[in-house]
>>> print(open('upload.txt').read())   # compact mmCIF, C-alpha atoms
# COMPACT_ATOMS: atom_id res chain seq x y z
CA MET A 1 -37.09 -74.32 -80.84
CA THR A 2 -34.68 -71.47 -81.32
CA THR A 3 -34.47 -68.88 -84.04
CA THR A 4 -31.99 -66.23 -85.03
CA THR A 5 -33.37 -62.72 -85.18
CA PRO A 6 -32.22 -60.95 -88.33
CA LEU A 7 -30.42 -57.66 -87.94
CA TYR A 8 -32.42 -54.60 -88.78
CA ARG A 9 -31.51 -53.15 -92.15
CA PRO A 10 -31.79 -49.35 -92.00
CA SER A 11 -33.37 -47.54 -94.92
CA ARG A 12 -31.71 -44.70 -96.77
CA SER A 13 -33.78 -42.17 -94.83
CA ASP A 14 -32.69 -43.80 -91.55
CA LEU A 15 -29.05 -43.63 -92.59
CA ALA A 16 -29.44 -40.00 -93.69
CA ALA A 17 -31.01 -39.11 -90.33
CA MET A 18 -28.23 -40.92 -88.47
CA TRP A 19 -25.49 -39.18 -90.45
CA THR A 20 -27.21 -35.84 -89.84
CA PHE A 21 -27.33 -36.61 -86.13
CA LEU A 22 -23.67 -37.61 -86.19
CA ALA A 23 -22.67 -34.42 -88.03
CA ALA A 24 -24.68 -32.24 -85.65
CA GLY A 25 -23.09 -33.97 -82.66
CA ALA A 26 -19.61 -33.47 -84.11
CA VAL A 27 -20.29 -29.76 -84.69
CA ILE A 28 -21.58 -29.30 -81.14
CA ALA A 29 -18.61 -31.17 -79.65
CA VAL A 30 -16.07 -29.17 -81.68
CA ALA A 31 -17.81 -25.91 -80.79
CA ALA A 32 -17.72 -26.83 -77.09
CA VAL A 33 -14.01 -27.63 -77.24
CA VAL A 34 -13.15 -24.47 -79.21
CA SER A 35 -15.18 -22.32 -76.82
CA ALA A 36 -13.47 -23.90 -73.81
CA VAL A 37 -9.99 -23.47 -75.28
CA LEU A 38 -10.62 -19.82 -76.20
CA ARG A 39 -11.95 -19.07 -72.73
CA ILE A 40 -8.99 -20.79 -71.05
CA VAL A 41 -6.53 -18.88 -73.24
CA GLU A 42 -8.37 -15.67 -72.35
CA VAL A 43 -8.22 -16.14 -68.57
CA LEU A 44 -4.83 -17.85 -68.08
CA PRO A 45 -2.81 -14.61 -68.21
CA ASN A 46 -4.86 -13.68 -65.11
CA ARG A 47 -5.16 -10.02 -66.05
CA ASP A 48 -8.49 -8.15 -66.18
CA VAL A 49 -10.43 -11.39 -65.95
CA GLN A 50 -14.12 -11.04 -66.77
CA VAL A 51 -16.50 -13.45 -65.03
CA LEU A 52 -20.26 -13.86 -64.90
CA ALA A 53 -21.36 -13.37 -61.30
CA GLU A 54 -24.55 -14.28 -59.46
CA PHE A 55 -25.93 -11.67 -57.06
CA SER A 56 -28.21 -12.14 -54.08
CA GLY A 57 -30.47 -9.17 -53.26
CA THR A 58 -27.89 -6.59 -54.33
CA ALA A 59 -29.27 -3.12 -55.09
CA ALA A 60 -27.89 -1.09 -57.99
CA GLU A 61 -28.91 1.67 -60.39
CA ALA A 62 -29.62 1.37 -64.10
CA PRO A 63 -30.30 4.17 -66.65
CA ILE A 64 -33.83 3.01 -67.44
CA GLY A 65 -35.81 6.03 -66.29
CA PRO A 66 -37.10 8.97 -68.40
CA GLY A 67 -34.26 10.36 -70.47
CA GLY A 68 -31.93 7.68 -69.15
CA ALA A 69 -32.36 8.66 -65.52
CA PRO A 70 -30.96 6.06 -63.09
CA LEU A 71 -33.51 3.95 -61.26
CA PRO A 72 -32.94 1.34 -58.53
CA VAL A 73 -32.85 -2.30 -59.60
CA ILE A 74 -32.00 -5.58 -57.91
CA LEU A 75 -29.07 -7.37 -59.52
CA ASP A 76 -29.51 -11.02 -60.32
CA ARG A 77 -26.56 -11.61 -62.64
CA ALA A 78 -23.86 -9.38 -64.10
CA SER A 79 -20.42 -9.51 -65.65
CA ILE A 80 -17.62 -8.23 -63.41
CA THR A 81 -13.92 -7.72 -64.11
CA ALA A 82 -11.13 -8.38 -61.63
CA GLU A 83 -7.56 -7.22 -62.21
CA THR A 84 -6.38 -10.64 -61.07
CA LEU A 85 -8.00 -13.72 -59.56
CA PRO A 86 -6.79 -15.78 -56.61
CA THR A 87 -5.10 -18.97 -57.79
CA PHE A 88 -7.92 -21.17 -56.52
CA SER A 89 -10.51 -19.09 -58.40
CA LEU A 90 -8.45 -19.16 -61.59
CA VAL A 91 -8.17 -22.95 -61.34
CA SER A 92 -11.94 -23.14 -60.83
CA LEU A 93 -12.52 -21.03 -63.93
CA VAL A 94 -10.31 -23.29 -66.03
CA ALA A 95 -11.91 -26.41 -64.51
CA GLU A 96 -15.34 -25.03 -65.39
CA GLN A 97 -14.42 -24.97 -69.07
CA VAL A 98 -12.79 -28.40 -68.98
CA VAL A 99 -15.81 -29.97 -67.25
CA ALA A 100 -18.27 -28.26 -69.62
CA ALA A 101 -16.45 -29.42 -72.76
CA THR A 102 -15.87 -32.92 -71.39
CA THR A 103 -19.54 -33.27 -70.45
CA VAL A 104 -20.67 -32.32 -73.95
CA ILE A 105 -18.18 -34.70 -75.60
CA VAL A 106 -19.07 -37.67 -73.37
CA VAL A 107 -22.84 -37.20 -73.72
CA ILE A 108 -22.68 -36.78 -77.50
CA THR A 109 -20.33 -39.73 -77.92
CA CYS A 110 -22.63 -41.98 -75.89
CA LEU A 111 -25.74 -40.88 -77.77
CA VAL A 112 -24.11 -41.33 -81.18
CA ARG A 113 -22.89 -44.82 -80.25
CA LEU A 114 -26.37 -45.64 -78.91
CA GLY A 115 -27.88 -44.42 -82.17
CA TRP A 116 -25.62 -46.72 -84.18
CA SER A 117 -26.55 -49.64 -81.95
CA VAL A 118 -30.24 -48.96 -82.54
CA MET A 119 -29.64 -48.75 -86.29
CA ARG A 120 -28.08 -52.22 -86.12
CA GLY A 121 -31.12 -53.55 -84.27
CA GLU A 122 -29.43 -53.68 -80.85
CA VAL A 123 -31.85 -51.59 -78.82
CA PHE A 124 -31.79 -53.32 -75.44
CA SER A 125 -28.37 -54.66 -74.58
CA ARG A 126 -25.79 -54.32 -71.84
CA ARG A 127 -23.84 -51.93 -74.05
CA SER A 128 -26.89 -49.72 -74.68
CA THR A 129 -27.69 -49.64 -70.97
CA ARG A 130 -24.13 -48.54 -70.16
CA LEU A 131 -24.28 -45.82 -72.82
CA VAL A 132 -27.61 -44.46 -71.58
CA THR A 133 -26.45 -44.52 -67.96
CA THR A 134 -23.14 -42.83 -68.76
CA ALA A 135 -24.79 -40.12 -70.87
CA GLY A 136 -27.50 -39.40 -68.30
CA PHE A 137 -25.35 -39.18 -65.21
CA THR A 138 -22.48 -37.39 -66.97
CA GLY A 139 -24.96 -34.72 -68.05
CA LEU A 140 -26.29 -34.57 -64.49
CA PHE A 141 -22.79 -34.16 -63.06
CA GLY A 142 -21.90 -31.48 -65.62
CA TYR A 143 -25.12 -29.55 -64.95
CA ALA A 144 -24.25 -29.33 -61.26
CA ALA A 145 -20.47 -28.93 -61.51
CA VAL A 146 -20.24 -26.18 -64.15
CA PRO A 147 -22.24 -23.48 -62.31
CA PHE A 148 -20.63 -24.53 -59.01
CA LEU A 149 -17.14 -23.94 -60.41
CA ALA A 150 -18.26 -20.69 -62.08
CA ASN A 151 -19.64 -19.42 -58.77
CA MET A 152 -16.37 -20.25 -57.02
CA ALA A 153 -14.47 -18.21 -59.61
CA ALA A 154 -16.95 -15.32 -59.30
CA ASN A 155 -16.67 -15.29 -55.52
CA GLY A 156 -12.89 -15.00 -55.88
CA ALA A 157 -13.43 -12.03 -58.19
CA PHE A 158 -15.74 -10.41 -55.63
CA ALA A 159 -13.11 -10.88 -52.92
CA GLU A 160 -10.39 -9.38 -55.13
CA ILE A 161 -12.45 -6.38 -56.24
CA SER A 162 -13.83 -5.52 -52.79
CA ASP A 163 -10.73 -6.46 -50.79
CA ASN A 164 -12.85 -9.09 -49.01
CA THR A 165 -15.43 -6.54 -47.82
CA PHE A 166 -18.35 -7.54 -50.10
CA ASP A 167 -20.10 -10.71 -48.93
CA ASN A 168 -21.93 -12.22 -51.89
CA VAL A 169 -21.11 -15.90 -51.64
CA VAL A 170 -23.59 -17.71 -53.89
CA MET A 171 -23.34 -21.44 -54.55
CA ALA A 172 -26.60 -22.21 -56.32
CA VAL A 173 -27.80 -24.74 -58.86
CA GLU A 174 -31.31 -24.51 -60.30
CA LEU A 175 -33.00 -27.29 -58.36
CA ALA A 176 -36.07 -27.97 -60.55
CA PRO A 177 -34.14 -28.64 -63.81
CA PHE A 178 -31.56 -30.63 -61.85
CA LEU A 179 -34.21 -32.89 -60.35
CA LEU A 180 -35.90 -33.27 -63.74
CA LEU A 181 -32.61 -34.25 -65.36
CA ALA A 182 -31.91 -36.70 -62.54
CA PHE A 183 -35.36 -38.24 -62.98
CA ILE A 184 -34.90 -38.60 -66.76
CA ALA A 185 -31.44 -40.14 -66.35
CA ALA A 186 -32.66 -42.61 -63.74
CA LEU A 187 -35.78 -43.48 -65.74
CA ALA A 188 -33.81 -44.11 -68.93
CA THR A 189 -31.40 -46.36 -67.03
CA VAL A 190 -34.25 -48.34 -65.48
CA VAL A 191 -36.07 -48.70 -68.82
CA PHE A 192 -32.98 -49.98 -70.62
CA THR A 193 -32.09 -52.28 -67.74
CA ILE A 194 -35.57 -53.84 -67.79
CA GLY A 195 -35.50 -54.05 -71.59
CA GLU A 196 -32.13 -55.78 -71.49
CA ARG A 197 -33.40 -58.30 -68.92
CA MET A 198 -36.54 -59.01 -70.96
CA ARG A 199 -34.47 -59.51 -74.10
CA ARG A 200 -32.22 -62.02 -72.30
CA ASP A 201 -35.21 -63.88 -70.89
CA THR A 202 -36.95 -64.17 -74.25
CA GLU A 203 -33.88 -64.53 -76.50
CA GLY A 204 -34.18 -67.50 -78.82
CA LEU A 205 -37.87 -68.10 -78.07
CA VAL A 206 -40.53 -68.13 -80.76
>>> encode(input="upload.txt", output="C-alpha cells")
Amino acid sequence: MTTTTPLYRPSRSDLAAMWTFLAAGAVIAVAAVVSAVLRIVEVLPNRDVQVLAEFSGTAAEAPIGPGGAPLPVILDRASITAETLPTFSLVSLVAEQVVAATTVIVVITCLVRLGWSVMRGEVFSRRSTRLVTTAGFTGLFGYAAVPFLANMAANGAFAEISDNTFDNVVMAVELAPFLLLAFIAALATVVFTIGERMRRDTEGLV
C-alpha cells in the first residue's frame, strides 16, 4: 500500500523566522559585496596601498612603557603601506575581495534555499544534499583562499617597501578552525546523503 505524504504547512512564526533569516542573509550578502567593491576601488589606483600583514617573530618597539616609553614587542599582525604593489600582488588583493564576497553570497544563497526546502517539508532530498555540500565546501575553500591571497599581497608589499631585503614570507591558515570546518562540511554532507537514501528506500511505505 502506498500513501502520499502531505506537505508541511509552516506556521506564521515559522514564516516570520524564515523571512527574518532571508532578510539577514540579504543584508550580509549586500554588505560583503559593498565592502569588496569599496576595497577594490581603494586599491586599484595602486598608490599608497594599505594591507594587513602577518609577521613571524619580528621585533619592534611600542610606546607602552611608563610615560609612553618604547618597549620591545613581537609583531604578530600590523597594517603596512606600500607606495605601489607589484602587479601580481595587486591582482591577489583584488582576487581576495572577489573570493570573499563570492563565498559569502554562495553560502548564504545555499542556506536560504535549503531553509525554504525545509519549510516545504523537503528535508532530505538530492537538492538539499547538493545545497549543503555546496555551502560547506564553498565556505571551506573561501576560508583557505582569502588569507592565502591576502598573504600574497602583503608579501608583495614587504618586497616593495624593503626593496626585497626583508624576508617575511608567511603563507598560513589557522589549521584548527580549518579542520573543524572541513569536518562539519563533510559530516553535513554525509548526514544529508544518508537521509536522502533512507527517504528513497522508505518512500511510499506505511
>>> closest_residue(input="upload.txt", among="A:Phe158, A:Trp116, A:Phe192, A:Phe21", to="A:Ser79", atoms="all atoms listed in the file")
A:Phe158
>>> closest_residue(input="upload.txt", among="A:Ala182, A:Val41, A:Cys110, A:Ala62", to="A:Leu22", atoms="only C-alpha atoms")
A:Cys110
>>> axis_aligned_box(input="upload.txt", around="stretch 101-120 of chain A", padding_each_side="5 Å", output="AutoDock Vina command-line options")
--center_x -23.1 --center_y -40.8 --center_z -78.4 --size_x 24.4 --size_y 32.8 --size_z 25.8
>>> closest_residue(input="upload.txt", among="A:Met18, A:Arg39, A:Leu75, A:Thr193", to="A:Val118", atoms="only C-alpha atoms")
A:Met18
>>> closest_residue(input="upload.txt", among="A:Ala95, A:Ile28, A:Ala82, A:Val104", to="A:Phe148", atoms="all atoms listed in the file")
A:Ala95
>>> residues_around(input="upload.txt", residues="A:Thr102", least_positions_apart="6", cutoff="12 Å", atoms="all atoms listed in the file", output="PyMOL selection string")
chain A and resi 28-37+95-96+108-109+135+138-139+141-143+145-146
>>> closest_residue(input="upload.txt", among="A:Pro45, A:Val91, A:Met119, A:Gly65", to="A:Ala16", atoms="only C-alpha atoms")
A:Met119
>>> atom_distance(input="upload.txt", atom1="atom CA of A:Val106", atom2="atom CA of A:Met152")
24.0 Å
>>> residues_around(input="upload.txt", residues="A:Ala185", least_positions_apart="2", cutoff="9 Å", atoms="all atoms listed in the file", output="VMD selection string")
chain A and resid 132 to 133 135 to 137 139 to 140 180 to 183 187 to 190
>>> closest_residue(input="upload.txt", among="A:Ser117, A:Ser56, A:Ile184, A:Gly67", to="A:Phe166", atoms="all atoms listed in the file")
A:Ser56
>>> atom_distance(input="upload.txt", atom1="atom CA of A:Pro86", atom2="atom CA of A:Asp163")
11.7 Å
>>> atom_distance(input="upload.txt", atom1="atom CA of A:Ala78", atom2="atom CA of A:Pro147")
14.3 Å
